[in-house]
>>> print(open('coords-v3.cif').read())   # mmCIF, C-alpha atoms
data_query
#
loop_
_atom_site.group_PDB
_atom_site.id
_atom_site.type_symbol
_atom_site.label_atom_id
_atom_site.label_comp_id
_atom_site.auth_asym_id
_atom_site.auth_seq_id
_atom_site.Cartn_x
_atom_site.Cartn_y
_atom_site.Cartn_z
ATOM 1 C CA PHE Z 298 -17.486 -19.977 -0.909
ATOM 2 C CA HIS Z 299 -13.851 -19.852 -2.060
ATOM 3 C CA PHE Z 300 -12.002 -16.522 -2.054
ATOM 4 C CA THR Z 301 -9.799 -16.065 -5.128
ATOM 5 C CA GLN Z 302 -9.305 -12.296 -5.365
ATOM 6 C CA ASN Z 303 -7.688 -9.780 -3.057
ATOM 7 C CA LEU Z 304 -10.100 -7.512 -1.207
ATOM 8 C CA ARG Z 305 -9.374 -4.044 0.106
ATOM 9 C CA TYR Z 306 -10.944 -0.963 1.599
ATOM 10 C CA GLY Z 307 -13.368 0.620 -0.854
ATOM 11 C CA ASN Z 308 -14.334 -2.591 -2.693
ATOM 12 C CA HIS Z 309 -18.049 -3.159 -3.162
ATOM 13 C CA ASN Z 310 -18.952 -6.593 -4.481
ATOM 14 C CA ALA Z 311 -20.330 -10.052 -3.710
ATOM 15 C CA ASP Z 312 -16.961 -11.292 -2.420
ATOM 16 C CA VAL Z 313 -17.002 -8.598 0.257
ATOM 17 C CA ALA Z 314 -20.508 -9.719 1.263
ATOM 18 C CA GLU Z 315 -19.188 -13.277 1.661
ATOM 19 C CA LEU Z 316 -16.264 -11.967 3.705
ATOM 20 C CA GLN Z 317 -18.694 -10.066 5.917
ATOM 21 C CA LYS Z 318 -20.780 -13.221 6.479
ATOM 22 C CA ILE Z 319 -17.683 -14.983 7.852
ATOM 23 C CA LEU Z 320 -16.705 -11.996 9.985
ATOM 24 C CA ILE Z 321 -20.243 -11.701 11.390
ATOM 25 C CA ALA Z 322 -20.429 -15.437 12.147
ATOM 26 C CA GLY Z 323 -17.043 -15.263 13.897
ATOM 27 C CA GLY Z 324 -18.075 -12.306 16.034
ATOM 28 C CA PHE Z 325 -15.548 -9.973 14.413
ATOM 29 C CA LEU Z 326 -18.106 -7.754 12.665
ATOM 30 C CA LYS Z 327 -21.163 -6.341 14.420
ATOM 31 C CA ILE Z 328 -23.616 -5.406 11.677
ATOM 32 C CA PRO Z 329 -27.117 -6.812 11.162
ATOM 33 C CA ALA Z 330 -26.480 -8.095 7.625
ATOM 34 C CA PRO Z 331 -23.748 -8.072 4.961
ATOM 35 C CA THR Z 332 -23.672 -4.935 2.798
ATOM 36 C CA GLY Z 333 -20.987 -5.923 0.290
ATOM 37 C CA TRP Z 334 -19.123 -2.668 1.014
ATOM 38 C CA PHE Z 335 -15.594 -2.833 2.432
ATOM 39 C CA GLY Z 336 -15.818 0.231 4.642
ATOM 40 C CA PRO Z 337 -14.335 1.223 8.002
ATOM 41 C CA LEU Z 338 -16.233 -1.397 10.040
ATOM 42 C CA THR Z 339 -15.178 -4.203 7.721
ATOM 43 C CA LEU Z 340 -11.602 -2.910 7.714
ATOM 44 C CA ALA Z 341 -11.437 -2.965 11.529
ATOM 45 C CA SER Z 342 -13.025 -6.427 11.574
ATOM 46 C CA VAL Z 343 -10.543 -7.834 9.053
ATOM 47 C CA LYS Z 344 -7.699 -6.539 11.248
ATOM 48 C CA LYS Z 345 -9.236 -8.305 14.279
ATOM 49 C CA TYR Z 346 -9.620 -11.513 12.238
ATOM 50 C CA GLN Z 347 -6.015 -11.293 11.059
ATOM 51 C CA THR Z 348 -4.693 -10.760 14.584
ATOM 52 C CA ALA Z 349 -6.730 -13.722 15.863
ATOM 53 C CA HIS Z 350 -5.250 -15.926 13.120
ATOM 54 C CA GLY Z 351 -1.619 -14.849 13.486
ATOM 55 C CA ILE Z 352 -1.610 -12.786 10.301
ATOM 56 C CA SER Z 353 -0.159 -9.274 10.144
ATOM 57 C CA ALA Z 354 -3.115 -6.933 10.768
ATOM 58 C CA THR Z 355 -3.037 -4.857 7.605
ATOM 59 C CA GLY Z 356 -6.746 -4.910 6.810
ATOM 60 C CA PHE Z 357 -5.864 -6.048 3.286
ATOM 61 C CA VAL Z 358 -7.316 -9.430 2.335
ATOM 62 C CA GLY Z 359 -4.403 -10.928 0.414
ATOM 63 C CA PRO Z 360 -3.108 -14.482 -0.043
ATOM 64 C CA LEU Z 361 -2.532 -15.293 3.654
ATOM 65 C CA THR Z 362 -5.899 -13.979 4.807
ATOM 66 C CA ARG Z 363 -7.684 -15.639 1.873
ATOM 67 C CA ALA Z 364 -6.028 -18.950 2.753
ATOM 68 C CA ALA Z 365 -7.306 -18.670 6.351
ATOM 69 C CA LEU Z 366 -10.796 -17.719 5.159
ATOM 70 C CA ASN Z 367 -10.860 -20.617 2.695
ATOM 71 C CA GLN Z 368 -10.176 -23.282 5.343
#
>>> encode(input="coords-v3.cif", output="C-alpha cells")
Amino acid sequence: FHFTQNLRYGNHNADVAELQKILIAGGFLKIPAPTGWFGPLTLASVKKYQTAHGISATGFVGPLTRAALNQ
C-alpha cells in the first residue's frame, strides 16, 4: 500500500485501515483488527509512531509521516 493523502483525526476510510494495519504490526496500536476510523486510539498510536521515527508527534499523518510509512 502507498499512502498519498493526509490523514487526520476523524477520518474514516480505507487508508486509515491500512494505517492501522501498520500500527498494529509495529506494536503501536493495540486493537484486534483495523476499523478504518481515526479515533483517539489511532491518534495516540500515530504520535508514538512519529516519536519512534524522529518525526514531530502531532498525530497528523502528513508528508513526513507518509514518507516513513511508505518505506
>>> resolve_selection(input="coords-v3.cif", expression="the PyMOL selection byres ((chain Z and resi 313) around 9)", output="short mmCIF file (atom, residue, chain, number, x, y, z; two decimals) with C-alpha atoms, in the coordinates of the input")
data_model
loop_
_atom_site.label_atom_id
_atom_site.label_comp_id
_atom_site.auth_asym_id
_atom_site.auth_seq_id
_atom_site.Cartn_x
_atom_site.Cartn_y
_atom_site.Cartn_z
CA LEU Z 304 -10.10 -7.51 -1.21
CA ARG Z 305 -9.37 -4.04 0.11
CA ASN Z 308 -14.33 -2.59 -2.69
CA HIS Z 309 -18.05 -3.16 -3.16
CA ASN Z 310 -18.95 -6.59 -4.48
CA ALA Z 311 -20.33 -10.05 -3.71
CA ASP Z 312 -16.96 -11.29 -2.42
CA ALA Z 314 -20.51 -9.72 1.26
CA GLU Z 315 -19.19 -13.28 1.66
CA LEU Z 316 -16.26 -11.97 3.70
CA GLN Z 317 -18.69 -10.07 5.92
CA LYS Z 318 -20.78 -13.22 6.48
CA PRO Z 331 -23.75 -8.07 4.96
CA THR Z 332 -23.67 -4.93 2.80
CA GLY Z 333 -20.99 -5.92 0.29
CA TRP Z 334 -19.12 -2.67 1.01
CA PHE Z 335 -15.59 -2.83 2.43
CA THR Z 339 -15.18 -4.20 7.72
#
>>> residues_around(input="coords-v3.cif", residues="Leu338 of chain Z", least_positions_apart="3", cutoff="12 Å", atoms="all atoms listed in the file", output="PDB file with C-alpha atoms, keeping the file's coordinate frame")
ATOM      1  CA  TYR Z 306     -10.944  -0.963   1.599  1.00  0.00           C
ATOM      2  CA  GLY Z 307     -13.368   0.620  -0.854  1.00  0.00           C
ATOM      3  CA  GLN Z 317     -18.694 -10.066   5.917  1.00  0.00           C
ATOM      4  CA  LEU Z 320     -16.705 -11.996   9.985  1.00  0.00           C
ATOM      5  CA  ILE Z 321     -20.243 -11.701  11.390  1.00  0.00           C
ATOM      6  CA  PHE Z 325     -15.548  -9.973  14.413  1.00  0.00           C
ATOM      7  CA  LEU Z 326     -18.106  -7.754  12.665  1.00  0.00           C
ATOM      8  CA  LYS Z 327     -21.163  -6.341  14.420  1.00  0.00           C
ATOM      9  CA  ILE Z 328     -23.616  -5.406  11.677  1.00  0.00           C
ATOM     10  CA  PRO Z 331     -23.748  -8.072   4.961  1.00  0.00           C
ATOM     11  CA  THR Z 332     -23.672  -4.935   2.798  1.00  0.00           C
ATOM     12  CA  GLY Z 333     -20.987  -5.923   0.290  1.00  0.00           C
ATOM     13  CA  TRP Z 334     -19.123  -2.668   1.014  1.00  0.00           C
ATOM     14  CA  PHE Z 335     -15.594  -2.833   2.432  1.00  0.00           C
ATOM     15  CA  ALA Z 341     -11.437  -2.965  11.529  1.00  0.00           C
ATOM     16  CA  SER Z 342     -13.025  -6.427  11.574  1.00  0.00           C
ATOM     17  CA  VAL Z 343     -10.543  -7.834   9.053  1.00  0.00           C
ATOM     18  CA  LYS Z 344      -7.699  -6.539  11.248  1.00  0.00           C
ATOM     19  CA  LYS Z 345      -9.236  -8.305  14.279  1.00  0.00           C
ATOM     20  CA  GLY Z 356      -6.746  -4.910   6.810  1.00  0.00           C
TER      21      GLY Z 356
END
>>> closest_residue(input="coords-v3.cif", among="Z:Phe298, Z:Asn303, Z:Leu340, Z:Pro329", to="Val358 of chain Z", atoms="only C-alpha atoms")
Z:Asn303
>>> atom_distance(input="coords-v3.cif", atom1="atom CA of Gln302 of chain Z", atom2="atom CA of Thr362 of chain Z")
10.9 Å
>>> axis_aligned_box(input="coords-v3.cif", around="segment 349-364 of chain Z", padding_each_side="3 Å", output="lines of an AutoDock Vina configuration file")
center_x = -3.9
center_y = -11.9
center_z = 7.9
size_x = 13.5
size_y = 20.1
size_z = 21.9
>>> closest_residue(input="coords-v3.cif", among="Z:Gly336, Z:Ala330, Z:Gly323, Z:Ala364", to="Ile352 of chain Z", atoms="all atoms listed in the file")
Z:Ala364
>>> resolve_selection(input="coords-v3.cif", expression="the PyMOL selection byres ((chain Z and resi 366) around 9)", output="list in words")
His299, Phe300, Leu316, Ile319, Leu361, Thr362, Arg363, Ala364, Ala365, Asn367 and Gln368 of chain Z
>>> build_atoms(input="coords-v3.cif", residues="segment 306-324 of chain Z", atoms="N, CA and C atoms", output="PDB file, in the coordinates of the input")
ATOM      1  N   TYR Z 306     -10.064  -2.074   1.243  1.00  0.00           N
ATOM      2  CA  TYR Z 306     -10.944  -0.963   1.599  1.00  0.00           C
ATOM      3  C   TYR Z 306     -11.459  -0.276   0.337  1.00  0.00           C
ATOM      4  N   GLY Z 307     -12.754  -0.049   0.292  1.00  0.00           N
ATOM      5  CA  GLY Z 307     -13.368   0.620  -0.854  1.00  0.00           C
ATOM      6  C   GLY Z 307     -14.032  -0.328  -1.841  1.00  0.00           C
ATOM      7  N   ASN Z 308     -13.676  -1.623  -1.799  1.00  0.00           N
ATOM      8  CA  ASN Z 308     -14.334  -2.591  -2.693  1.00  0.00           C
ATOM      9  C   ASN Z 308     -15.821  -2.684  -2.349  1.00  0.00           C
ATOM     10  N   HIS Z 309     -16.615  -2.954  -3.359  1.00  0.00           N
ATOM     11  CA  HIS Z 309     -18.049  -3.159  -3.162  1.00  0.00           C
ATOM     12  C   HIS Z 309     -18.484  -4.250  -4.132  1.00  0.00           C
ATOM     13  N   ASN Z 310     -18.584  -5.476  -3.614  1.00  0.00           N
ATOM     14  CA  ASN Z 310     -18.952  -6.593  -4.481  1.00  0.00           C
ATOM     15  C   ASN Z 310     -19.432  -7.784  -3.665  1.00  0.00           C
ATOM     16  N   ALA Z 311     -19.795  -8.853  -4.360  1.00  0.00           N
ATOM     17  CA  ALA Z 311     -20.330 -10.052  -3.710  1.00  0.00           C
ATOM     18  C   ALA Z 311     -19.281 -10.745  -2.843  1.00  0.00           C
ATOM     19  N   ASP Z 312     -18.011 -10.672  -3.234  1.00  0.00           N
ATOM     20  CA  ASP Z 312     -16.961 -11.292  -2.420  1.00  0.00           C
ATOM     21  C   ASP Z 312     -16.863 -10.623  -1.051  1.00  0.00           C
ATOM     22  N   VAL Z 313     -17.027  -9.313  -1.021  1.00  0.00           N
ATOM     23  CA  VAL Z 313     -17.002  -8.598   0.257  1.00  0.00           C
ATOM     24  C   VAL Z 313     -18.185  -9.042   1.122  1.00  0.00           C
ATOM     25  N   ALA Z 314     -19.341  -9.241   0.516  1.00  0.00           N
ATOM     26  CA  ALA Z 314     -20.508  -9.719   1.263  1.00  0.00           C
ATOM     27  C   ALA Z 314     -20.215 -11.090   1.877  1.00  0.00           C
ATOM     28  N   GLU Z 315     -19.547 -11.954   1.134  1.00  0.00           N
ATOM     29  CA  GLU Z 315     -19.188 -13.277   1.661  1.00  0.00           C
ATOM     30  C   GLU Z 315     -18.178 -13.148   2.798  1.00  0.00           C
ATOM     31  N   LEU Z 316     -17.227 -12.253   2.638  1.00  0.00           N
ATOM     32  CA  LEU Z 316     -16.264 -11.967   3.705  1.00  0.00           C
ATOM     33  C   LEU Z 316     -17.001 -11.497   4.958  1.00  0.00           C
ATOM     34  N   GLN Z 317     -17.939 -10.591   4.778  1.00  0.00           N
ATOM     35  CA  GLN Z 317     -18.694 -10.066   5.917  1.00  0.00           C
ATOM     36  C   GLN Z 317     -19.491 -11.166   6.616  1.00  0.00           C
ATOM     37  N   LYS Z 318     -20.038 -12.103   5.863  1.00  0.00           N
ATOM     38  CA  LYS Z 318     -20.780 -13.221   6.479  1.00  0.00           C
ATOM     39  C   LYS Z 318     -19.875 -13.993   7.435  1.00  0.00           C
ATOM     40  N   ILE Z 319     -18.638 -14.258   7.009  1.00  0.00           N
ATOM     41  CA  ILE Z 319     -17.683 -14.983   7.852  1.00  0.00           C
ATOM     42  C   ILE Z 319     -17.313 -14.155   9.080  1.00  0.00           C
ATOM     43  N   LEU Z 320     -17.076 -12.875   8.870  1.00  0.00           N
ATOM     44  CA  LEU Z 320     -16.705 -11.996   9.985  1.00  0.00           C
ATOM     45  C   LEU Z 320     -17.845 -11.855  10.989  1.00  0.00           C
ATOM     46  N   ILE Z 321     -19.068 -11.780  10.507  1.00  0.00           N
ATOM     47  CA  ILE Z 321     -20.243 -11.701  11.390  1.00  0.00           C
ATOM     48  C   ILE Z 321     -20.369 -13.002  12.186  1.00  0.00           C
ATOM     49  N   ALA Z 322     -20.284 -14.132  11.490  1.00  0.00           N
ATOM     50  CA  ALA Z 322     -20.429 -15.437  12.147  1.00  0.00           C
ATOM     51  C   ALA Z 322     -19.348 -15.647  13.206  1.00  0.00           C
ATOM     52  N   GLY Z 323     -18.146 -15.109  12.958  1.00  0.00           N
ATOM     53  CA  GLY Z 323     -17.043 -15.263  13.897  1.00  0.00           C
ATOM     54  C   GLY Z 323     -17.040 -14.248  15.023  1.00  0.00           C
ATOM     55  N   GLY Z 324     -18.001 -13.320  14.990  1.00  0.00           N
ATOM     56  CA  GLY Z 324     -18.075 -12.306  16.034  1.00  0.00           C
ATOM     57  C   GLY Z 324     -17.111 -11.145  15.840  1.00  0.00           C
TER      58      GLY Z 324
END
